[in-house]
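Enquirer: The structure follows.
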Number of protein chains: 2
Amino acid sequence: MSIEVMSTETIGKKLRYIREEKELPLRKVAALLDIDVAILSKMERGERRITKEVVLKLANIYDYNADDLLVSYLSDKILYEIQDEDLGIEALKLAEQRAKYIKANKKK
Amino acid sequence: MSIEVMSTETIGKKLRYIREEKELPLRKVAALLDIDVAILSKMERGERRITKEVVLKLANIYDYNADDLLVSYLSDKILYEIQDEDLGIEALKLAEQRAKYIKANKKK
DNA sequence: ACCTCTATTGACATAATGTGTCAAAATTAA
DNA sequence: TTAATTTTGACACATTATGTCAATAGAGGT
């Protein structure tokens, strides 16, 4: 898998690619995360949900850009919601429009 | 609420607006949907999730464009996932890119 | 073949979340 | 006030998510 096509991959595949580049076994990474090896294996293969917390910890462990991984992680969650809906792309466009509207109008 | 700003509203508020335009009480609509009045009330106020099935039934009951409501419904689910994430808009852009990629490459 | 390390799979108990039903309370209109 | 409508909260139940563990599978080296 090249860097170019990585953006269209799931966060799981991306994390596995990065881990294998570092030549780190699941066993070691799972230990650092303090989670079961089975869970990390399933997370990389999309069988279990990854939490934001784990993504941030992995960015730290792999010394990889956290924002890049977070965007990938969030887009995964988004795509899961629209699955194979015909109107998915339309919904994404409206969601972006609404997100910008919310961002512009929120008081802090 | 005007039609112009309706696109930035939740599916719930939109459905309530349409229902009130038709001057239909929750009681009657809930009966047509065969669900409890309390649930429909909560759905309109975003306290309970609306199902795709209910959205389609309401489009029929209100004689309102189903695709329009579905896009609104899906964008609601999408925005729920990114909540108030700083990287939300970036994630939406990546998700759209990935959705287009998937759409272009899927075999049926 | 063996042995070792690594990764995957599935079963299980428990936790967390979602859902339907109902009645009381609150709101609104007449 | 009376009646209709809507909201709120509590409850039991169903569904889904999660962590733990052990058995299985796979790849390499000896």
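Residue numbering restarts at 1 in every chain; chains get A, B, ... in the order shown in the structure tokens, and ligands count up from 1 in that same order.
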Using only C-alpha atoms (C1' of nucleotides), determine which residues lie at most 10 Å from segment 96-98 of chain B, disregarding the query and same-chain residues fewer than 2 positions distant; provide the list as a PDB file with C-alpha atoms, in the first residue's frame.

Expert:
ATOM      1  CA  SER A   7      -6.263   8.219   2.308  1.00  0.00           C
ATOM      2  CA  THR A   8      -8.995   6.057   0.834  1.00  0.00           C
ATOM      3  CA  GLU A   9      -8.342   3.241   3.284  1.00  0.00           C
ATOM      4  CA  THR A  10      -9.941   2.608   6.641  1.00  0.00           C
ATOM      5  CA  SER A  75     -14.216   9.782   8.313  1.00  0.00           C
ATOM      6  CA  ASP A  76     -14.493   6.091   9.107  1.00  0.00           C
ATOM      7  CA  ILE A  78     -18.996   9.047   9.071  1.00  0.00           C
ATOM      8  CA  LEU A  79     -18.838   6.510   6.253  1.00  0.00           C
ATOM      9  CA  GLY A  88     -24.763   9.445   0.964  1.00  0.00           C
ATOM     10  CA  ILE A  89     -22.738  11.989  -0.957  1.00  0.00           C
ATOM     11  CA  GLU A  90     -25.606  14.478  -0.936  1.00  0.00           C
ATOM     12  CA  ALA A  91     -25.899  13.983   2.803  1.00  0.00           C
ATOM     13  CA  LEU A  92     -22.170  14.600   3.221  1.00  0.00           C
ATOM     14  CA  LYS A  93     -22.440  17.862   1.327  1.00  0.00           C
ATOM     15  CA  GLU A  96     -20.500  19.968   5.640  1.00  0.00           C
TER      16      GLU A  96
ATOM     17  CA  GLU B  90     -11.725  18.006   7.399  1.00  0.00           C
ATOM     18  CA  ALA B  91     -13.169  14.582   8.181  1.00  0.00           C
ATOM     19  CA  LEU B  92     -16.275  15.366   6.125  1.00  0.00           C
ATOM     20  CA  LYS B  93     -14.143  16.311   3.155  1.00  0.00           C
ATOM     21  CA  LEU B  94     -12.141  13.097   3.391  1.00  0.00           C
ATOM     22  CA  LYS B 100     -16.844   8.990  -4.286  1.00  0.00           C
ATOM     23  CA  TYR B 101     -13.935   6.578  -4.569  1.00  0.00           C
ATOM     24  CA  ILE B 102     -16.064   3.713  -3.267  1.00  0.00           C
ATOM     25  CA  LYS B 103     -18.961   4.623  -5.542  1.00  0.00           C
ATOM     26  CA  ALA B 104     -16.694   4.746  -8.593  1.00  0.00           C
TER      27      ALA B 104
END

Enquirer: Could you give me, as CSV, every chain A residue with an atom at most 12 Å from chain D, plus its closest atom pair and distance in Å to one decimal, counting only C-alpha atoms (C1' of nucleotides), rows ordered by chain then number?

Expert:
residue,atom,partner,partner_atom,distance
A:Asp34,CA,D:DG19,C1',11.6
A:Ile35,CA,D:DG19,C1',8.7
A:Asp36,CA,D:DG19,C1',8.0
A:Val37,CA,D:DT20,C1',10.8
A:Ala38,CA,D:DT20,C1',9.7
A:Ile39,CA,D:DG19,C1',8.6
A:Leu40,CA,D:DG19,C1',11.9
A:Glu47,CA,D:DA17,C1',11.7
A:Arg48,CA,D:DA17,C1',9.0
A:Arg49,CA,D:DA17,C1',9.0
A:Ile50,CA,D:DT18,C1',11.5
A:Thr51,CA,D:DT18,C1',11.7

Enquirer: For the residues in that selection, give me N, CA, C and O atoms as a tab-separated table (two decimals), in the first residue's frame.

Expert:
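What ended up in again-v5.tsv:
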chain	number	residue	atom	x	y	z
A	34	ASP	N	-2.15	-1.18	26.78
A	34	ASP	CA	-2.80	-1.86	27.90
A	34	ASP	C	-4.16	-2.43	27.50
A	34	ASP	O	-5.14	-2.29	28.23
A	35	ILE	N	-4.20	-3.03	26.32
A	35	ILE	CA	-5.41	-3.73	25.89
A	35	ILE	C	-5.03	-5.12	25.39
A	35	ILE	O	-3.85	-5.40	25.15
A	36	ASP	N	-6.02	-5.99	25.22
A	36	ASP	CA	-5.79	-7.36	24.76
A	36	ASP	C	-5.34	-7.36	23.30
A	36	ASP	O	-5.80	-6.56	22.49
A	37	VAL	N	-4.44	-8.30	22.98
A	37	VAL	CA	-3.96	-8.42	21.60
A	37	VAL	C	-5.13	-8.67	20.64
A	37	VAL	O	-5.15	-8.11	19.53
A	38	ALA	N	-6.08	-9.48	21.07
A	38	ALA	CA	-7.22	-9.82	20.22
A	38	ALA	C	-8.01	-8.57	19.81
A	38	ALA	O	-8.45	-8.44	18.67
A	39	ILE	N	-8.16	-7.66	20.77
A	39	ILE	CA	-8.93	-6.45	20.49
A	39	ILE	C	-8.21	-5.57	19.47
A	39	ILE	O	-8.82	-5.08	18.52
A	40	LEU	N	-6.90	-5.42	19.65
A	40	LEU	CA	-6.14	-4.59	18.70
A	40	LEU	C	-6.18	-5.22	17.30
A	40	LEU	O	-6.33	-4.51	16.30
A	47	GLU	N	-13.11	-5.04	12.84
A	47	GLU	CA	-14.10	-5.91	13.47
A	47	GLU	C	-14.56	-5.35	14.81
A	47	GLU	O	-15.62	-5.74	15.32
A	48	ARG	N	-13.74	-4.48	15.36
A	48	ARG	CA	-14.11	-3.77	16.59
A	48	ARG	C	-13.88	-2.28	16.38
A	48	ARG	O	-12.96	-1.89	15.67
A	49	ARG	N	-14.70	-1.49	17.01
A	49	ARG	CA	-14.55	-0.04	16.90
A	49	ARG	C	-13.29	0.43	17.61
A	49	ARG	O	-12.93	-0.05	18.66
A	50	ILE	N	-12.64	1.39	16.98
A	50	ILE	CA	-11.49	2.02	17.59
A	50	ILE	C	-11.98	3.26	18.33
A	50	ILE	O	-12.87	3.95	17.85
A	51	THR	N	-11.43	3.52	19.49
A	51	THR	CA	-11.83	4.72	20.21
A	51	THR	C	-10.85	5.84	19.88
A	51	THR	O	-9.72	5.62	19.46

Enquirer: Go ahead and align chain B to chain A (same sequence, so just pair every C-alpha in order, least squares) and export the moved chain as a compact mmCIF listing (two decimals) with N, CA, C and O atoms, in the first residue's frame.

Expert:
# COMPACT_ATOMS: atom_id res chain seq x y z
N MET B 1 0.83 -1.23 -0.05
CA MET B 1 -0.01 -0.02 -0.04
C MET B 1 0.88 1.23 -0.05
O MET B 1 1.76 1.39 0.78
N SER B 2 0.60 2.10 -1.01
CA SER B 2 1.38 3.33 -1.09
C SER B 2 0.73 4.44 -0.28
O SER B 2 -0.43 4.35 0.09
N ILE B 3 1.49 5.46 -0.01
CA ILE B 3 0.97 6.60 0.74
C ILE B 3 -0.19 7.25 -0.01
O ILE B 3 -1.17 7.69 0.60
N GLU B 4 -0.10 7.26 -1.33
CA GLU B 4 -1.11 7.94 -2.13
C GLU B 4 -2.52 7.37 -1.94
O GLU B 4 -3.51 8.10 -1.89
N VAL B 5 -2.62 6.05 -1.87
CA VAL B 5 -3.95 5.45 -1.77
C VAL B 5 -4.38 5.27 -0.32
O VAL B 5 -5.51 4.91 -0.04
N MET B 6 -3.47 5.56 0.60
CA MET B 6 -3.81 5.35 2.02
C MET B 6 -4.99 6.19 2.49
O MET B 6 -5.71 5.78 3.39
N SER B 7 -5.17 7.34 1.84
CA SER B 7 -6.25 8.22 2.29
C SER B 7 -7.62 7.63 2.03
O SER B 7 -8.59 8.02 2.66
N THR B 8 -7.69 6.69 1.11
CA THR B 8 -9.00 6.07 0.83
C THR B 8 -9.20 4.79 1.64
O THR B 8 -10.21 4.11 1.47
N GLU B 9 -8.23 4.47 2.50
CA GLU B 9 -8.35 3.26 3.31
C GLU B 9 -8.97 3.55 4.67
O GLU B 9 -9.03 4.69 5.10
N THR B 10 -9.37 2.49 5.31
CA THR B 10 -9.94 2.64 6.66
C THR B 10 -8.82 2.97 7.65
O THR B 10 -7.64 2.71 7.39
N ILE B 11 -9.23 3.51 8.79
CA ILE B 11 -8.27 3.83 9.83
C ILE B 11 -7.55 2.55 10.28
O ILE B 11 -6.35 2.57 10.59
N GLY B 12 -8.27 1.45 10.29
CA GLY B 12 -7.68 0.17 10.71
C GLY B 12 -6.53 -0.26 9.81
O GLY B 12 -5.44 -0.59 10.28
N LYS B 13 -6.79 -0.24 8.51
CA LYS B 13 -5.75 -0.65 7.56
C LYS B 13 -4.56 0.30 7.62
O LYS B 13 -3.41 -0.11 7.47
N LYS B 14 -4.88 1.55 7.83
CA LYS B 14 -3.82 2.55 7.92
C LYS B 14 -2.93 2.28 9.13
O LYS B 14 -1.70 2.32 9.03
N LEU B 15 -3.56 1.98 10.25
CA LEU B 15 -2.81 1.71 11.46
C LEU B 15 -1.98 0.44 11.33
O LEU B 15 -0.86 0.37 11.83
N ARG B 16 -2.55 -0.54 10.65
CA ARG B 16 -1.79 -1.78 10.45
C ARG B 16 -0.59 -1.52 9.56
O ARG B 16 0.52 -2.02 9.83
N TYR B 17 -0.81 -0.75 8.51
CA TYR B 17 0.28 -0.41 7.60
C TYR B 17 1.41 0.30 8.35
O TYR B 17 2.58 -0.06 8.19
N ILE B 18 1.05 1.24 9.18
CA ILE B 18 2.06 1.99 9.94
C ILE B 18 2.80 1.07 10.91
O ILE B 18 4.03 1.12 11.03
N ARG B 19 2.04 0.22 11.58
CA ARG B 19 2.65 -0.70 12.55
C ARG B 19 3.64 -1.63 11.87
O ARG B 19 4.74 -1.88 12.39
N GLU B 20 3.24 -2.15 10.71
CA GLU B 20 4.12 -3.08 10.01
C GLU B 20 5.37 -2.38 9.47
O GLU B 20 6.43 -2.99 9.39
N GLU B 21 5.21 -1.10 9.13
CA GLU B 21 6.36 -0.32 8.70
C GLU B 21 7.38 -0.22 9.83
O GLU B 21 8.58 -0.28 9.61
N LYS B 22 6.84 -0.10 11.05
CA LYS B 22 7.70 0.01 12.23
C LYS B 22 8.16 -1.36 12.73
O LYS B 22 8.91 -1.46 13.69
N GLU B 23 7.64 -2.41 12.09
CA GLU B 23 7.96 -3.79 12.48
C GLU B 23 7.69 -4.06 13.95
O GLU B 23 8.48 -4.69 14.65
N LEU B 24 6.54 -3.57 14.38
CA LEU B 24 6.13 -3.82 15.76
C LEU B 24 5.03 -4.89 15.78
O LEU B 24 4.07 -4.79 15.03
N PRO B 25 5.18 -5.91 16.59
CA PRO B 25 4.12 -6.94 16.69
C PRO B 25 2.93 -6.43 17.49
O PRO B 25 3.06 -5.56 18.35
N LEU B 26 1.76 -6.97 17.20
CA LEU B 26 0.55 -6.62 17.94
C LEU B 26 0.79 -6.74 19.44
O LEU B 26 0.33 -5.91 20.22
N ARG B 27 1.48 -7.80 19.80
CA ARG B 27 1.78 -8.06 21.20
C ARG B 27 2.39 -6.87 21.92
O ARG B 27 1.92 -6.46 22.99
N LYS B 28 3.39 -6.28 21.31
CA LYS B 28 4.06 -5.14 21.94
C LYS B 28 3.18 -3.90 21.99
O LYS B 28 3.10 -3.21 23.01
N VAL B 29 2.51 -3.62 20.87
CA VAL B 29 1.66 -2.42 20.82
C VAL B 29 0.49 -2.55 21.78
O VAL B 29 0.16 -1.60 22.50
N ALA B 30 -0.09 -3.74 21.81
CA ALA B 30 -1.22 -3.97 22.72
C ALA B 30 -0.79 -3.77 24.16
O ALA B 30 -1.53 -3.21 24.97
N ALA B 31 0.43 -4.20 24.46
CA ALA B 31 0.97 -4.03 25.82
C ALA B 31 1.11 -2.55 26.15
O ALA B 31 0.76 -2.11 27.25
N LEU B 32 1.61 -1.78 25.19
CA LEU B 32 1.77 -0.34 25.41
C LEU B 32 0.40 0.33 25.60
O LEU B 32 0.27 1.29 26.36
N LEU B 33 -0.59 -0.18 24.89
CA LEU B 33 -1.94 0.40 25.00
C LEU B 33 -2.68 -0.14 26.21
O LEU B 33 -3.73 0.38 26.59
N ASP B 34 -2.13 -1.22 26.78
CA ASP B 34 -2.76 -1.90 27.90
C ASP B 34 -4.14 -2.46 27.51
O ASP B 34 -5.11 -2.33 28.25
N ILE B 35 -4.19 -3.05 26.33
CA ILE B 35 -5.40 -3.75 25.90
C ILE B 35 -5.03 -5.14 25.40
O ILE B 35 -3.86 -5.43 25.16
N ASP B 36 -6.03 -5.99 25.23
CA ASP B 36 -5.80 -7.35 24.78
C ASP B 36 -5.37 -7.37 23.31
O ASP B 36 -5.82 -6.56 22.50
N VAL B 37 -4.47 -8.30 22.98
CA VAL B 37 -3.99 -8.44 21.60
C VAL B 37 -5.15 -8.68 20.65
O VAL B 37 -5.18 -8.13 19.54
N ALA B 38 -6.10 -9.47 21.08
CA ALA B 38 -7.24 -9.81 20.23
C ALA B 38 -8.02 -8.57 19.83
O ALA B 38 -8.46 -8.43 18.68
N ILE B 39 -8.18 -7.66 20.78
CA ILE B 39 -8.93 -6.43 20.50
C ILE B 39 -8.21 -5.56 19.48
O ILE B 39 -8.82 -5.06 18.53
N LEU B 40 -6.91 -5.42 19.65
CA LEU B 40 -6.15 -4.59 18.71
C LEU B 40 -6.19 -5.21 17.31
O LEU B 40 -6.33 -4.50 16.31
N SER B 41 -6.09 -6.52 17.27
CA SER B 41 -6.18 -7.24 15.98
C SER B 41 -7.51 -6.94 15.31
O SER B 41 -7.57 -6.65 14.11
N LYS B 42 -8.57 -7.01 16.08
CA LYS B 42 -9.90 -6.75 15.53
C LYS B 42 -10.07 -5.29 15.14
O LYS B 42 -10.75 -4.97 14.16
N MET B 43 -9.47 -4.40 15.91
CA MET B 43 -9.56 -2.98 15.57
C MET B 43 -8.89 -2.71 14.23
O MET B 43 -9.43 -1.98 13.39
N GLU B 44 -7.74 -3.30 14.01
CA GLU B 44 -7.04 -3.08 12.75
C GLU B 44 -7.82 -3.65 11.57
O GLU B 44 -7.72 -3.16 10.45
N ARG B 45 -8.60 -4.67 11.82
CA ARG B 45 -9.35 -5.29 10.73
C ARG B 45 -10.80 -4.79 10.67
O ARG B 45 -11.62 -5.33 9.93
N GLY B 46 -11.10 -3.80 11.47
CA GLY B 46 -12.43 -3.19 11.41
C GLY B 46 -13.53 -4.01 12.05
O GLY B 46 -14.71 -3.77 11.81
N GLU B 47 -13.12 -4.99 12.88
CA GLU B 47 -14.12 -5.85 13.50
C GLU B 47 -14.59 -5.29 14.85
O GLU B 47 -15.65 -5.66 15.35
N ARG B 48 -13.77 -4.42 15.40
CA ARG B 48 -14.13 -3.72 16.64
C ARG B 48 -13.90 -2.22 16.44
O ARG B 48 -12.98 -1.82 15.74
N ARG B 49 -14.71 -1.43 17.10
CA ARG B 49 -14.54 0.00 16.98
C ARG B 49 -13.27 0.48 17.66
O ARG B 49 -12.91 -0.01 18.72
N ILE B 50 -12.63 1.44 17.04
CA ILE B 50 -11.46 2.05 17.64
C ILE B 50 -11.94 3.30 18.38
O ILE B 50 -12.84 3.98 17.91
N THR B 51 -11.38 3.53 19.53
CA THR B 51 -11.76 4.74 20.26
C THR B 51 -10.79 5.87 19.93
O THR B 51 -9.66 5.63 19.49
N LYS B 52 -11.25 7.08 20.15
CA LYS B 52 -10.42 8.25 19.90
C LYS B 52 -9.16 8.18 20.77
O LYS B 52 -8.07 8.54 20.33
N GLU B 53 -9.35 7.69 21.98
CA GLU B 53 -8.23 7.57 22.91
C GLU B 53 -7.13 6.67 22.36
O GLU B 53 -5.95 7.00 22.40
N VAL B 54 -7.54 5.52 21.79
CA VAL B 54 -6.56 4.58 21.23
C VAL B 54 -5.85 5.20 20.03
O VAL B 54 -4.63 5.05 19.86
N VAL B 55 -6.60 5.92 19.22
CA VAL B 55 -6.00 6.57 18.05
C VAL B 55 -4.90 7.54 18.49
O VAL B 55 -3.80 7.54 17.93
N LEU B 56 -5.20 8.32 19.51
CA LEU B 56 -4.22 9.30 20.00
C LEU B 56 -2.99 8.61 20.61
O LEU B 56 -1.86 9.06 20.42
N LYS B 57 -3.25 7.53 21.34
CA LYS B 57 -2.12 6.79 21.92
C LYS B 57 -1.24 6.18 20.83
O LYS B 57 -0.02 6.19 20.93
N LEU B 58 -1.87 5.69 19.77
CA LEU B 58 -1.11 5.08 18.68
C LEU B 58 -0.31 6.13 17.92
O LEU B 58 0.81 5.86 17.48
N ALA B 59 -0.88 7.31 17.77
CA ALA B 59 -0.14 8.40 17.12
C ALA B 59 1.15 8.66 17.90
O ALA B 59 2.21 8.90 17.31
N ASN B 60 1.04 8.58 19.20
CA ASN B 60 2.19 8.79 20.06
C ASN B 60 3.21 7.65 19.95
O ASN B 60 4.40 7.87 19.78
N ILE B 61 2.69 6.43 20.01
CA ILE B 61 3.54 5.25 19.94
C ILE B 61 4.28 5.16 18.60
O ILE B 61 5.47 4.86 18.53
N TYR B 62 3.55 5.46 17.52
CA TYR B 62 4.14 5.36 16.18
C TYR B 62 4.83 6.65 15.75
O TYR B 62 5.42 6.69 14.66
N ASP B 63 4.74 7.67 16.59
CA ASP B 63 5.28 8.99 16.24
C ASP B 63 4.72 9.43 14.89
O ASP B 63 5.45 9.79 13.96
N TYR B 64 3.38 9.34 14.79
CA TYR B 64 2.69 9.67 13.54
C TYR B 64 1.74 10.85 13.79
O TYR B 64 1.20 11.00 14.89
N ASN B 65 1.55 11.67 12.78
CA ASN B 65 0.69 12.86 12.89
C ASN B 65 -0.69 12.54 13.44
O ASN B 65 -1.47 11.83 12.82
N ALA B 66 -0.99 13.06 14.61
CA ALA B 66 -2.25 12.74 15.29
C ALA B 66 -3.47 13.26 14.54
O ALA B 66 -4.48 12.55 14.42
N ASP B 67 -3.38 14.46 14.02
CA ASP B 67 -4.52 15.03 13.28
C ASP B 67 -4.85 14.19 12.06
O ASP B 67 -6.02 13.95 11.74
N ASP B 68 -3.84 13.73 11.38
CA ASP B 68 -4.04 12.90 10.20
C ASP B 68 -4.81 11.63 10.57
O ASP B 68 -5.76 11.24 9.89
N LEU B 69 -4.41 11.01 11.65
CA LEU B 69 -5.09 9.79 12.09
C LEU B 69 -6.50 10.09 12.57
O LEU B 69 -7.43 9.32 12.31
N LEU B 70 -6.67 11.21 13.25
CA LEU B 70 -7.99 11.57 13.76
C LEU B 70 -8.97 11.83 12.61
O LEU B 70 -10.13 11.40 12.67
N VAL B 71 -8.50 12.50 11.58
CA VAL B 71 -9.36 12.77 10.42
C VAL B 71 -9.77 11.45 9.77
O VAL B 71 -10.93 11.25 9.40
N SER B 72 -8.81 10.55 9.68
CA SER B 72 -9.09 9.23 9.10
C SER B 72 -10.10 8.47 9.98
O SER B 72 -11.04 7.85 9.47
N TYR B 73 -9.90 8.55 11.26
CA TYR B 73 -10.78 7.90 12.23
C TYR B 73 -12.21 8.45 12.15
O TYR B 73 -13.18 7.70 12.09
N LEU B 74 -12.31 9.78 12.10
CA LEU B 74 -13.63 10.41 12.03
C LEU B 74 -14.33 10.11 10.71
O LEU B 74 -15.54 9.86 10.67
N SER B 75 -13.57 10.11 9.63
CA SER B 75 -14.19 9.82 8.32
C SER B 75 -14.68 8.38 8.27
O SER B 75 -15.67 8.08 7.60
N ASP B 76 -14.00 7.50 9.00
CA ASP B 76 -14.47 6.12 9.12
C ASP B 76 -15.85 6.08 9.76
O ASP B 76 -16.76 5.41 9.27
N LYS B 77 -15.98 6.79 10.87
CA LYS B 77 -17.26 6.81 11.58
C LYS B 77 -18.36 7.41 10.71
O LYS B 77 -19.49 6.93 10.71
N ILE B 78 -18.00 8.44 9.97
CA ILE B 78 -18.97 9.09 9.08
C ILE B 78 -19.44 8.13 7.99
O ILE B 78 -20.64 7.97 7.76
N LEU B 79 -18.47 7.47 7.35
CA LEU B 79 -18.82 6.55 6.27
C LEU B 79 -19.64 5.37 6.77
O LEU B 79 -20.47 4.82 6.05
N TYR B 80 -19.40 4.98 8.01
CA TYR B 80 -20.17 3.89 8.59
C TYR B 80 -21.65 4.27 8.66
O TYR B 80 -22.53 3.43 8.47
N GLU B 81 -21.92 5.53 8.94
CA GLU B 81 -23.30 5.99 9.06
C GLU B 81 -24.05 5.98 7.74
O GLU B 81 -25.24 5.69 7.70
N ILE B 82 -23.37 6.33 6.66
CA ILE B 82 -24.07 6.38 5.38
C ILE B 82 -23.96 5.09 4.59
O ILE B 82 -24.66 4.89 3.60
N GLN B 83 -23.08 4.20 5.08
CA GLN B 83 -22.94 2.87 4.47
C GLN B 83 -23.02 2.93 2.95
O GLN B 83 -22.19 3.59 2.33
N ASP B 84 -23.99 2.28 2.36
CA ASP B 84 -24.11 2.26 0.91
C ASP B 84 -25.37 3.01 0.46
O ASP B 84 -26.03 2.65 -0.51
N GLU B 85 -25.68 4.06 1.21
CA GLU B 85 -26.85 4.87 0.86
C GLU B 85 -26.62 5.59 -0.48
O GLU B 85 -25.56 6.16 -0.71
N ASP B 86 -27.63 5.58 -1.30
CA ASP B 86 -27.53 6.27 -2.59
C ASP B 86 -27.33 7.77 -2.38
O ASP B 86 -26.63 8.42 -3.16
N LEU B 87 -27.94 8.29 -1.34
CA LEU B 87 -27.89 9.73 -1.09
C LEU B 87 -26.74 10.13 -0.18
O LEU B 87 -26.68 11.25 0.32
N GLY B 88 -25.82 9.20 0.03
CA GLY B 88 -24.71 9.44 0.94
C GLY B 88 -23.91 10.69 0.64
O GLY B 88 -23.65 11.50 1.54
N ILE B 89 -23.52 10.84 -0.61
CA ILE B 89 -22.69 11.99 -0.98
C ILE B 89 -23.46 13.31 -0.82
O ILE B 89 -22.91 14.30 -0.35
N GLU B 90 -24.74 13.28 -1.18
CA GLU B 90 -25.58 14.47 -0.97
C GLU B 90 -25.65 14.81 0.51
O GLU B 90 -25.59 15.98 0.91
N ALA B 91 -25.79 13.77 1.34
CA ALA B 91 -25.88 13.98 2.78
C ALA B 91 -24.57 14.55 3.33
O ALA B 91 -24.59 15.41 4.21
N LEU B 92 -23.45 14.10 2.78
CA LEU B 92 -22.15 14.61 3.21
C LEU B 92 -22.00 16.09 2.89
O LEU B 92 -21.49 16.88 3.68
N LYS B 93 -22.50 16.47 1.72
CA LYS B 93 -22.43 17.87 1.32
C LYS B 93 -23.28 18.74 2.24
O LYS B 93 -22.85 19.82 2.67
N LEU B 94 -24.48 18.25 2.55
CA LEU B 94 -25.34 19.02 3.46
C LEU B 94 -24.74 19.09 4.85
O LEU B 94 -24.76 20.13 5.51
N ALA B 95 -24.17 17.97 5.28
CA ALA B 95 -23.55 17.93 6.61
C ALA B 95 -22.41 18.94 6.70
O ALA B 95 -22.26 19.63 7.72
N GLU B 96 -21.63 19.03 5.63
CA GLU B 96 -20.51 19.98 5.63
C GLU B 96 -21.03 21.41 5.70
O GLU B 96 -20.51 22.24 6.45
N GLN B 97 -22.08 21.66 4.94
CA GLN B 97 -22.71 22.99 4.95
C GLN B 97 -23.20 23.33 6.36
O GLN B 97 -22.98 24.43 6.86
N ARG B 98 -23.87 22.36 6.97
CA ARG B 98 -24.39 22.58 8.31
C ARG B 98 -23.27 22.74 9.34
O ARG B 98 -23.36 23.56 10.26
N ALA B 99 -22.19 21.94 9.18
CA ALA B 99 -21.06 22.02 10.11
C ALA B 99 -20.42 23.41 10.05
O ALA B 99 -20.05 23.97 11.08
N LYS B 100 -20.31 23.94 8.85
CA LYS B 100 -19.73 25.27 8.69
C LYS B 100 -20.65 26.32 9.31
O LYS B 100 -20.18 27.28 9.94
N TYR B 101 -21.94 26.12 9.13
CA TYR B 101 -22.93 27.04 9.69
C TYR B 101 -22.83 27.05 11.21
O TYR B 101 -22.82 28.11 11.86
N ILE B 102 -22.75 25.86 11.79
CA ILE B 102 -22.66 25.72 13.24
C ILE B 102 -21.37 26.35 13.76
O ILE B 102 -21.37 27.09 14.74
N LYS B 103 -20.28 26.07 13.05
CA LYS B 103 -18.97 26.60 13.46
C LYS B 103 -18.97 28.13 13.45
O LYS B 103 -18.42 28.77 14.35
N ALA B 104 -19.60 28.69 12.40
CA ALA B 104 -19.62 30.15 12.26
C ALA B 104 -20.51 30.82 13.30
O ALA B 104 -20.28 31.97 13.68
N ASN B 105 -21.52 30.09 13.77
CA ASN B 105 -22.50 30.70 14.66
C ASN B 105 -22.37 30.36 16.14
O ASN B 105 -23.14 30.83 16.96
N LYS B 106 -21.41 29.48 16.45
CA LYS B 106 -21.31 29.08 17.85
C LYS B 106 -20.57 30.13 18.68
O LYS B 106 -19.55 30.67 18.29
N LYS B 107 -21.15 30.36 19.85
CA LYS B 107 -20.50 31.25 20.80
C LYS B 107 -19.74 30.36 21.77
O LYS B 107 -20.19 29.27 22.10
N LYS B 108 -18.64 30.82 22.26
CA LYS B 108 -17.89 29.98 23.21
C LYS B 108 -17.84 30.61 24.60
O LYS B 108 -18.13 31.75 24.76

Enquirer: Residues of chain C within 10 Å of chain A, counting only C-alpha atoms (C1' of nucleotides) - could you list those as a ChimeraX atom specification?

Expert: /C:5-9

Enquirer: When DSSP is applied to the backbone of this structure, which of chain B are assigned alpha helix (DSSP H)? Write them out as a ChimeraX atom specification.

Expert: /B:3-6,11-21,26-33,37-44,52-62,66-82,88-105
